[in-house]
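Text of the file input01.cif, holding mmCIF, C-alpha atoms:
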```
data_run
loop_
_atom_site.label_atom_id
_atom_site.label_comp_id
_atom_site.auth_asym_id
_atom_site.auth_seq_id
_atom_site.Cartn_x
_atom_site.Cartn_y
_atom_site.Cartn_z
CA MET A 1 -9.72 191.42 95.56
CA LYS A 2 -8.05 193.61 92.97
CA VAL A 3 -9.43 197.15 92.64
CA LEU A 4 -8.74 199.87 90.05
CA VAL A 5 -8.50 203.25 91.81
CA THR A 6 -8.71 206.27 89.53
CA GLY A 7 -7.17 209.29 91.23
CA GLY A 8 -5.16 206.91 93.39
CA ALA A 9 -2.30 209.42 93.69
CA GLY A 10 -4.58 211.94 95.35
CA TYR A 11 -5.29 212.74 98.98
CA ILE A 12 -8.28 210.44 99.52
CA GLY A 13 -7.25 208.05 96.75
CA SER A 14 -3.84 207.23 98.17
CA THR A 15 -5.28 206.78 101.65
CA THR A 16 -7.93 204.44 100.27
CA CYS A 17 -5.25 202.44 98.46
CA LYS A 18 -3.49 201.93 101.78
CA ALA A 19 -6.71 200.87 103.49
CA LEU A 20 -7.35 198.37 100.71
CA GLU A 21 -3.86 196.92 101.14
CA GLN A 22 -4.26 196.61 104.89
CA ALA A 23 -7.49 194.69 104.30
CA GLY A 24 -5.65 192.24 102.04
CA HIS A 25 -6.67 193.70 98.66
CA THR A 26 -4.57 194.98 95.75
CA PRO A 27 -5.13 198.51 94.43
CA ILE A 28 -4.21 199.32 90.83
CA VAL A 29 -3.68 203.06 90.42
CA LEU A 30 -4.71 205.11 87.39
CA ASP A 31 -3.87 208.81 87.70
CA SER A 32 -2.92 211.62 85.32
CA LEU A 33 -0.81 213.29 88.04
CA LEU A 34 -2.55 216.56 87.16
CA THR A 35 -2.65 217.30 90.88
CA GLY A 36 -1.78 214.18 92.87
CA PRO A 37 1.95 213.69 93.58
CA ARG A 38 3.81 210.66 92.21
CA ALA A 39 5.25 210.04 95.69
CA PHE A 40 1.80 209.02 96.96
CA VAL A 41 1.66 206.09 94.54
CA ARG A 42 4.61 204.49 96.34
CA ASP A 43 5.38 201.03 94.93
CA ARG A 44 1.84 200.21 93.80
CA SER A 45 1.00 199.06 90.29
CA PHE A 46 0.61 202.39 88.49
CA TYR A 47 -0.64 203.65 85.14
CA GLU A 48 -0.10 207.32 84.36
CA GLY A 49 -2.77 208.56 82.03
CA ASP A 50 -6.26 209.83 81.38
CA ILE A 51 -9.44 208.13 82.60
CA ALA A 52 -10.96 208.68 79.13
CA ASP A 53 -8.11 206.84 77.35
CA ARG A 54 -9.94 203.71 76.23
CA ASP A 55 -6.77 202.08 74.91
CA LEU A 56 -5.09 202.54 78.30
CA LEU A 57 -8.13 201.12 80.09
CA GLY A 58 -8.01 198.12 77.79
CA LYS A 59 -4.34 197.63 78.59
CA ILE A 60 -5.01 197.80 82.33
CA VAL A 61 -7.74 195.16 82.12
CA ALA A 62 -5.61 192.97 79.84
CA GLU A 63 -2.78 193.08 82.38
CA HIS A 64 -5.16 192.69 85.35
CA PRO A 65 -8.02 190.51 84.10
CA ASP A 66 -8.99 189.72 87.68
CA LEU A 67 -10.09 193.28 88.53
CA ASP A 68 -13.15 193.06 90.75
CA ALA A 69 -14.25 196.71 90.86
CA THR A 70 -13.31 200.30 90.10
CA ILE A 71 -13.27 203.11 92.65
CA HIS A 72 -13.62 206.30 90.62
CA MET A 73 -12.08 209.22 92.54
CA ALA A 74 -10.31 211.13 89.77
CA ALA A 75 -11.85 214.61 89.53
CA ARG A 76 -11.29 218.32 89.80
CA ILE A 77 -12.58 219.29 93.25
CA LEU A 78 -12.14 223.01 94.03
CA VAL A 79 -15.43 224.89 94.29
CA PRO A 80 -14.11 228.44 93.61
CA GLU A 81 -12.01 227.15 90.70
CA SER A 82 -15.08 225.44 89.23
CA VAL A 83 -16.88 228.79 89.19
CA GLU A 84 -13.96 230.30 87.28
CA GLN A 85 -13.29 227.30 85.00
CA PRO A 86 -16.60 225.54 84.34
CA TYR A 87 -15.52 224.10 80.98
CA GLU A 88 -12.56 222.27 82.50
CA TYR A 89 -14.75 220.87 85.27
CA TYR A 90 -17.49 219.58 82.96
CA ARG A 91 -14.90 218.17 80.54
CA ASP A 92 -12.81 216.34 83.13
CA ASN A 93 -15.46 215.35 85.66
CA VAL A 94 -18.36 214.57 83.33
CA ALA A 95 -17.29 213.93 79.74
CA LYS A 96 -14.23 211.87 80.65
CA SER A 97 -16.10 209.88 83.28
CA LEU A 98 -18.67 208.94 80.62
CA GLU A 99 -15.90 207.38 78.56
CA LEU A 100 -14.53 205.58 81.61
CA PHE A 101 -17.88 204.07 82.59
CA ASP A 102 -18.74 202.98 79.06
CA GLU A 103 -15.34 201.36 78.53
CA LEU A 104 -15.44 199.55 81.87
CA ARG A 105 -18.81 198.14 80.89
CA SER A 106 -17.47 197.10 77.48
CA LEU A 107 -14.49 195.40 79.12
CA GLY A 108 -16.73 193.37 81.41
CA LYS A 109 -15.80 195.28 84.57
CA PRO A 110 -19.20 196.66 85.58
CA ARG A 111 -18.79 197.33 89.32
CA VAL A 112 -18.19 201.05 89.94
CA LEU A 113 -17.84 202.81 93.29
CA PHE A 114 -18.19 206.55 92.69
CA SER A 115 -16.94 209.43 94.84
CA SER A 116 -19.74 211.98 95.07
CA SER A 117 -20.26 214.92 97.40
CA ALA A 118 -22.50 216.22 100.16
CA SER A 119 -22.43 219.59 98.38
CA LEU A 120 -25.40 218.29 96.35
CA TYR A 121 -27.89 218.67 99.19
CA ALA A 122 -30.41 221.49 99.45
CA LEU A 123 -30.46 223.56 102.64
CA LYS A 124 -32.59 221.75 105.22
CA PRO A 125 -33.83 222.88 108.64
CA GLY A 126 -31.76 221.11 111.26
CA PHE A 127 -29.08 220.40 108.62
CA GLU A 128 -29.21 216.58 108.94
CA VAL A 129 -29.66 215.09 105.46
CA LEU A 130 -30.82 211.71 104.26
CA GLU A 131 -29.83 210.25 100.90
CA SER A 132 -33.41 210.79 99.72
CA ASP A 133 -33.54 214.50 100.63
CA PRO A 134 -33.87 217.25 97.99
CA LEU A 135 -30.76 218.37 96.11
CA ALA A 136 -29.75 221.90 95.11
CA THR A 137 -26.28 222.34 93.67
CA ALA A 138 -24.58 225.70 94.26
CA SER A 139 -21.48 225.38 92.04
CA PRO A 140 -20.28 223.84 88.78
CA TYR A 141 -18.26 221.36 90.86
CA ALA A 142 -21.38 220.13 92.66
CA ARG A 143 -23.31 219.99 89.39
CA THR A 144 -20.64 217.75 87.84
CA LYS A 145 -21.06 215.33 90.74
CA LEU A 146 -24.85 215.35 90.40
CA MET A 147 -24.58 214.78 86.65
CA MET A 148 -22.36 211.76 87.19
CA GLU A 149 -24.74 210.32 89.75
CA MET A 150 -27.52 210.62 87.18
CA VAL A 151 -25.33 209.10 84.47
CA LEU A 152 -24.50 206.11 86.66
CA GLN A 153 -28.11 205.60 87.69
CA ASP A 154 -29.29 205.73 84.07
CA MET A 155 -26.52 203.45 82.79
CA ALA A 156 -27.11 200.97 85.62
CA ALA A 157 -30.82 200.88 84.78
CA ALA A 158 -30.14 200.26 81.08
CA THR A 159 -27.03 198.02 81.13
CA ASP A 160 -25.16 195.58 83.35
CA LEU A 161 -23.17 198.45 84.91
CA ARG A 162 -23.62 198.52 88.70
CA ALA A 163 -22.91 201.52 90.93
CA ILE A 164 -22.55 202.42 94.58
CA ILE A 165 -22.39 206.19 94.99
CA LEU A 166 -20.72 207.47 98.16
CA ARG A 167 -21.56 211.05 99.06
CA TYR A 168 -18.58 212.26 101.10
CA PHE A 169 -19.06 214.99 103.59
CA ASN A 170 -15.79 216.77 104.60
CA PRO A 171 -12.68 214.56 104.80
CA ILE A 172 -9.89 215.95 106.98
CA GLY A 173 -6.75 214.60 108.60
CA SER A 174 -4.01 212.38 107.21
CA ASP A 175 -2.97 208.80 106.73
CA PRO A 176 -2.34 207.42 110.25
CA ASP A 177 1.26 206.52 109.35
CA LEU A 178 1.88 209.99 107.84
CA GLU A 179 2.74 208.62 104.42
CA SER A 180 0.25 210.93 102.71
CA GLY A 181 -1.93 213.93 103.44
CA ILE A 182 -2.83 217.32 102.01
CA TYR A 183 -0.30 218.01 99.27
CA VAL A 184 -1.28 221.34 97.68
CA ARG A 185 0.88 224.26 98.80
CA GLU A 186 -2.09 226.46 99.71
CA PRO A 187 -5.18 224.31 100.35
CA SER A 188 -8.52 226.06 100.06
CA HIS A 189 -10.41 223.99 102.60
CA ILE A 190 -10.83 225.02 106.22
CA LEU A 191 -8.39 222.74 108.01
CA GLY A 192 -5.74 223.39 105.37
CA GLN A 193 -6.09 227.12 105.91
CA LEU A 194 -5.80 226.66 109.68
CA LEU A 195 -2.62 224.65 109.16
CA LEU A 196 -1.13 227.45 107.08
CA VAL A 197 -1.68 229.85 109.98
CA ALA A 198 -0.23 227.37 112.48
CA THR A 199 2.91 226.92 110.38
CA GLY A 200 3.37 230.66 109.86
CA ALA A 201 2.58 230.63 106.14
CA LYS A 202 -0.43 232.92 106.72
CA GLU A 203 -1.06 235.62 109.30
CA ALA A 204 -4.71 234.81 109.96
CA PHE A 205 -7.51 232.40 109.21
CA THR A 206 -10.54 233.88 107.45
CA ILE A 207 -14.03 232.64 108.23
CA THR A 208 -15.94 233.07 104.96
CA GLY A 209 -19.57 233.64 105.86
CA VAL A 210 -20.74 234.63 109.36
CA ASP A 211 -24.41 235.40 108.71
CA HIS A 212 -25.67 231.94 107.83
CA PRO A 213 -28.86 230.60 109.49
CA THR A 214 -26.85 228.40 111.86
CA ARG A 215 -26.31 228.40 115.62
CA ASP A 216 -23.31 230.75 115.41
CA GLY A 217 -23.69 232.21 111.91
CA THR A 218 -20.92 230.10 110.34
CA GLY A 219 -21.29 227.18 107.98
CA ILE A 220 -22.13 223.68 109.21
CA ARG A 221 -20.03 220.75 108.03
CA ASP A 222 -19.65 217.08 108.85
CA TYR A 223 -15.89 216.70 109.24
CA ILE A 224 -14.78 213.09 108.89
CA HIS A 225 -11.29 211.63 109.24
CA VAL A 226 -9.93 210.61 105.84
CA TRP A 227 -8.98 207.21 107.28
CA ASP A 228 -12.64 206.60 108.13
CA VAL A 229 -13.56 207.55 104.56
CA ALA A 230 -10.97 205.07 103.27
CA GLN A 231 -12.39 202.32 105.47
CA ALA A 232 -15.87 203.00 104.09
CA HIS A 233 -14.54 202.31 100.59
CA VAL A 234 -13.07 199.02 101.69
CA ARG A 235 -16.39 197.91 103.15
CA ALA A 236 -18.29 199.06 100.06
CA VAL A 237 -15.98 197.11 97.74
CA GLU A 238 -16.14 194.00 99.90
CA LYS A 239 -19.94 194.12 100.21
CA PHE A 240 -20.67 195.52 96.74
CA ASP A 241 -23.06 192.83 95.51
CA ASP A 242 -24.68 192.39 98.93
CA VAL A 243 -25.43 196.12 99.14
CA LEU A 244 -27.19 196.21 95.77
CA ASN A 245 -29.03 192.97 96.48
CA ALA A 246 -30.26 194.44 99.77
CA THR A 247 -31.52 197.60 98.04
CA GLN A 248 -32.93 195.59 95.12
CA SER A 249 -31.55 198.20 92.76
CA PRO A 250 -28.71 198.37 90.19
CA SER A 251 -27.40 201.52 91.93
CA THR A 252 -27.63 203.20 95.30
CA VAL A 253 -26.44 206.31 97.17
CA ILE A 254 -24.85 206.19 100.63
CA ASN A 255 -23.82 209.11 102.87
CA ILE A 256 -20.29 208.91 104.29
CA GLY A 257 -19.96 211.16 107.33
CA THR A 258 -19.86 211.11 111.12
CA GLY A 259 -23.51 212.00 111.70
CA ASP A 260 -22.54 215.17 113.58
CA GLY A 261 -22.62 218.79 112.44
CA VAL A 262 -19.78 221.13 113.42
CA SER A 263 -19.70 224.87 112.70
CA VAL A 264 -16.62 226.65 111.38
CA ARG A 265 -16.19 228.47 114.70
CA GLU A 266 -16.39 225.13 116.53
CA LEU A 267 -13.75 223.64 114.24
CA VAL A 268 -11.48 226.61 114.93
CA ALA A 269 -11.93 226.06 118.67
CA ALA A 270 -11.12 222.36 118.32
CA PHE A 271 -8.03 223.22 116.28
CA GLU A 272 -6.80 225.68 118.89
CA LYS A 273 -7.30 223.06 121.60
CA VAL A 274 -5.21 220.45 119.77
CA TYR A 275 -2.64 222.98 118.55
CA GLY A 276 -2.28 224.44 122.04
CA ALA A 277 -2.50 228.09 121.09
CA LYS A 278 -4.89 230.73 119.79
CA ILE A 279 -4.73 231.74 116.15
CA ASN A 280 -5.66 235.02 114.47
CA VAL A 281 -9.14 234.93 112.89
CA ASN A 282 -10.73 237.34 110.39
CA GLU A 283 -14.23 237.35 108.91
CA ALA A 284 -15.33 237.79 105.29
CA PRO A 285 -18.38 237.20 103.05
CA PRO A 286 -18.99 233.71 101.64
CA ARG A 287 -16.96 232.65 98.60
CA PRO A 288 -18.72 232.00 95.26
CA GLY A 289 -20.33 228.57 95.39
CA ASP A 290 -20.05 228.16 99.18
CA ALA A 291 -22.94 226.27 100.77
CA VAL A 292 -24.42 226.80 104.24
CA GLY A 293 -23.81 223.13 104.82
CA ALA A 294 -25.23 219.92 106.18
CA TYR A 295 -24.31 216.83 108.13
CA ALA A 296 -24.97 213.22 107.32
CA ASN A 297 -27.63 210.89 108.47
CA VAL A 298 -25.51 207.72 108.46
CA ASP A 299 -28.14 205.06 109.14
CA LYS A 300 -27.87 203.64 105.62
CA ALA A 301 -24.07 203.30 105.80
CA ARG A 302 -24.36 201.56 109.15
CA GLU A 303 -27.07 199.20 107.90
CA LEU A 304 -25.68 198.31 104.46
CA LEU A 305 -21.92 198.58 104.97
CA GLY A 306 -21.68 197.72 108.65
CA TRP A 307 -19.53 200.86 108.86
CA SER A 308 -19.48 203.98 110.98
CA ALA A 309 -16.83 206.62 111.67
CA SER A 310 -14.55 205.77 114.60
CA LEU A 311 -12.09 208.69 114.73
CA SER A 312 -12.74 212.16 116.19
CA ILE A 313 -12.20 215.65 114.84
CA GLU A 314 -9.34 216.00 117.34
CA ASP A 315 -7.76 212.82 115.93
CA ALA A 316 -7.96 214.30 112.45
CA ILE A 317 -6.49 217.65 113.48
CA GLU A 318 -3.64 215.96 115.35
CA SER A 319 -2.79 213.80 112.33
CA ALA A 320 -2.94 216.81 109.99
CA LEU A 321 -0.55 218.78 112.19
CA ALA A 322 1.82 215.79 112.33
CA TRP A 323 1.65 215.43 108.53
CA MET A 324 2.56 219.07 108.01
CA ALA A 325 5.67 218.51 110.13
CA ARG A 326 6.66 215.59 107.87
CA ARG A 327 5.42 216.81 104.48
CA LYS A 328 8.77 218.14 103.32
CA GLU A 329 10.39 214.76 103.97
CA VAL A 330 7.81 213.02 101.76
CA LEU A 331 7.16 215.64 99.07
CA GLY A 332 10.19 217.91 99.17
CA TYR A 333 8.25 221.05 100.08
CA VAL A 334 6.46 222.47 103.10
#
```
Output the file's structure as structure tokens, nothing else.
Amino acid sequence: MKVLVTGGAGYIGSTTCKALEQAGHTPIVLDSLLTGPRAFVRDRSFYEGDIADRDLLGKIVAEHPDLDATIHMAARILVPESVEQPYEYYRDNVAKSLELFDELRSLGKPRVLFSSSASLYALKPGFEVLESDPLATASPYARTKLMMEMVLQDMAAATDLRAIILRYFNPIGSDPDLESGIYVREPSHILGQLLLVATGAKEAFTITGVDHPTRDGTGIRDYIHVWDVAQAHVRAVEKFDDVLNATQSPSTVINIGTGDGVSVRELVAAFEKVYGAKINVNEAPPRPGDAVGAYANVDKARELLGWSASLSIEDAIESALAWMARRKEVLGYV
């Protein structure tokens, strides 16, 4: 199969491209390089440009008429930044995706696999969420993802567009061969912040929010190895039509997580175990847009995709530490 991957120069996108290749498929990368590094594209077929550029999309399809599906990962993804820059988030994540979906439909390429987010879910007792559970978005970022889910569902109901929506929980870790990983100099997510402390770039790790209604007061997350996330995409592309036939719907939503909730304090403890040393930890109030959290019920992914996570949090932490030791070699900076 040949698959267009928007955002294919990014963290999850580049890892998914590799997983596709290992499964015998051919990824075609479309990326603006707004954030993703060119080095992550490697020697793949690559188009630098905007997802809303209809002429560019037409060129891609003309040069690759055998495209089977599109994995749409290109997006702005930082929650605090979305609070500060809502216009940019709605423009890039929503308005431009509308153009992409409509043009793909016009070009006769109606299969879309969309990267959504577990940040859509409302707080639920017990924290385990099903795809059908209530939603309550806490940030502009999350609202852009919800809007695009609604757009896809409405377009799929009205046209021949077809959509599988994957709600990621919290991808961590690196490509198993250390060819890609977290590339931003100061990542905002938890494991990235822990890595900065481990490498001496920061003096302490700050737990943001210690009074949540959880077992230890810190947020609950479902941390999943990015390689497992990539494998889920491969299965979803390969089984695309079967999945929608099984659900008897033109679109469907599937959770992508491990099925296990881990608190921030528990992640810190796991990190210290793999790292082999204690790190300095501070506490602070939650950041704007931060959610208490949730973890995935993964029954639907197991049933429809024949997929479940196989790698542990410790595996992910170990790979992330190894990537940080190699990052300068790949990207030219620590």
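Proximity to Asn280 (chain A) was assessed for A:Asp241, A:Ala198, A:Arg327, A:Tyr223 counting all atoms listed in the file; the smallest distance is recorded for A:Ala198.
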**Study point:** Residues near Glu99 (chain A), cut-off 8 Å, all atoms listed in the file, skip fewer than 5 positions along chain, as a list in words
**Key:**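 In the requested form, the answer reads Ile51, Ala52, Asp53 and Arg54 of chain A.
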Practice item. Extract, using only C-alpha atoms, all DNA, RNA and protein residues at most 7 Å from region 104-110 of chain A, discarding same-chain residues fewer than 5 positions from it, and format them as a count of residues only. Key: 4
Check your understanding: Selected by the PyMOL selection byres ((chain A and resi 332-334) around 12) in the shown coordinates: which residues, as an MDAnalysis selection string?
Key -> chainID A and resid 37:39 181:186 195:196 199:201 323:331
Review point. Which is closer to Val41 (chain A) than all the others in A:Glu179, A:Asn255, A:Glu128, A:Gln153, using all atoms listed in the file?
Key: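 Looking only at the distances to Val41 (chain A), the closest residue turns out to be A:Glu179.
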**Study point:** Which of A:Val210, A:Ala320, A:Ala122, A:Ala62 sits closest to Gly192 (chain A) [using only C-alpha atoms]
**Key:**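 Among A:Val210, A:Ala320, A:Ala122, A:Ala62, it is A:Ala320 that comes nearest to Gly192 (chain A).
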Point to revise | Separation of CA of Ala301 (chain A) from CA of Ser119 (chain A), in Å and rounded to one decimal | key: 18.0 Å
Exercise for review: Skip His212 (chain A) itself and residues of its chain fewer than 6 positions away, then list as a VMD selection string all residues within 12 Å of it, counting only C-alpha atoms.
Suggested key: chain A and resid 123 218 to 220 263 to 264 285 to 286 290 to 293
Exercise for review: With the file shown as input, list the residues that the PyMOL selection byres ((chain A and resi 142) around 10) selects, as a VMD selection string.
Suggested key: chain A and resid 77 to 79 82 89 116 to 121 136 to 141 143 to 147 289
Practice item. Apply the PyMOL selection byres ((chain A and resi 284) around 6) to the file shown and report the selected residues as a PyMOL selection string. Key: chain A and resi 208-209+283+285
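When CA of Ala309 (chain A) is paired with CA of Leu194 (chain A), their separation reads 23.0 Å.
Residue nearest Asp216 (chain A), chosen from A:Leu267, A:Ile172, A:Met148, A:Val234 and counting all atoms listed in the file: A:Leu267.
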**Study point:** Nearest-residue call for Thr206 (chain A), choices A:Val281, A:Val83, A:Ile313, A:Leu98, using all atoms listed in the file
**Key:** A:Val281
What's the 12 Å shell around Leu57 (chain A), counting only C-alpha atoms, without same-chain residues fewer than 6 positions away, as a PDB file with C-alpha atoms, keeping the file's coordinate frame?
```pdb
ATOM      1  CA  LEU A   4      -8.740 199.870  90.050  1.00  0.00           C
ATOM      2  CA  VAL A   5      -8.500 203.250  91.810  1.00  0.00           C
ATOM      3  CA  THR A   6      -8.710 206.270  89.530  1.00  0.00           C
ATOM      4  CA  ILE A  28      -4.210 199.320  90.830  1.00  0.00           C
ATOM      5  CA  VAL A  29      -3.680 203.060  90.420  1.00  0.00           C
ATOM      6  CA  LEU A  30      -4.710 205.110  87.390  1.00  0.00           C
ATOM      7  CA  ASP A  31      -3.870 208.810  87.700  1.00  0.00           C
ATOM      8  CA  TYR A  47      -0.640 203.650  85.140  1.00  0.00           C
ATOM      9  CA  GLU A  48      -0.100 207.320  84.360  1.00  0.00           C
ATOM     10  CA  GLY A  49      -2.770 208.560  82.030  1.00  0.00           C
ATOM     11  CA  ASP A  50      -6.260 209.830  81.380  1.00  0.00           C
ATOM     12  CA  ILE A  51      -9.440 208.130  82.600  1.00  0.00           C
ATOM     13  CA  GLU A  63      -2.780 193.080  82.380  1.00  0.00           C
ATOM     14  CA  HIS A  64      -5.160 192.690  85.350  1.00  0.00           C
ATOM     15  CA  PRO A  65      -8.020 190.510  84.100  1.00  0.00           C
ATOM     16  CA  LEU A  67     -10.090 193.280  88.530  1.00  0.00           C
ATOM     17  CA  THR A  70     -13.310 200.300  90.100  1.00  0.00           C
ATOM     18  CA  GLU A  99     -15.900 207.380  78.560  1.00  0.00           C
ATOM     19  CA  LEU A 100     -14.530 205.580  81.610  1.00  0.00           C
ATOM     20  CA  PHE A 101     -17.880 204.070  82.590  1.00  0.00           C
ATOM     21  CA  ASP A 102     -18.740 202.980  79.060  1.00  0.00           C
ATOM     22  CA  GLU A 103     -15.340 201.360  78.530  1.00  0.00           C
ATOM     23  CA  LEU A 104     -15.440 199.550  81.870  1.00  0.00           C
ATOM     24  CA  ARG A 105     -18.810 198.140  80.890  1.00  0.00           C
ATOM     25  CA  SER A 106     -17.470 197.100  77.480  1.00  0.00           C
ATOM     26  CA  LEU A 107     -14.490 195.400  79.120  1.00  0.00           C
ATOM     27  CA  GLY A 108     -16.730 193.370  81.410  1.00  0.00           C
ATOM     28  CA  LYS A 109     -15.800 195.280  84.570  1.00  0.00           C
TER      29      LYS A 109
END
```
Lys300 (chain A) surroundings by all atoms listed in the file, 7 Å radius, close-in-sequence under 3 positions cut, as a short mmCIF file (atom, residue, chain, number, x, y, z; two decimals) with C-alpha atoms, in the frame of the given file:
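Final file, part_26.cif:
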```
data_model
loop_
_atom_site.label_atom_id
_atom_site.label_comp_id
_atom_site.auth_asym_id
_atom_site.auth_seq_id
_atom_site.Cartn_x
_atom_site.Cartn_y
_atom_site.Cartn_z
CA ILE A 254 -24.85 206.19 100.63
CA GLU A 303 -27.07 199.20 107.90
CA LEU A 304 -25.68 198.31 104.46
#
```
Point to revise | One-decimal distance in Å that lies between CA of Leu166 (chain A) and CA of Gly306 (chain A) | key: 14.4 Å
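Using only C-alpha atoms for every distance, the candidate list A:Ser188, A:Thr16, A:Gln231, A:Gln248 yields A:Gln231 as the residue closest to Ser308 (chain A).
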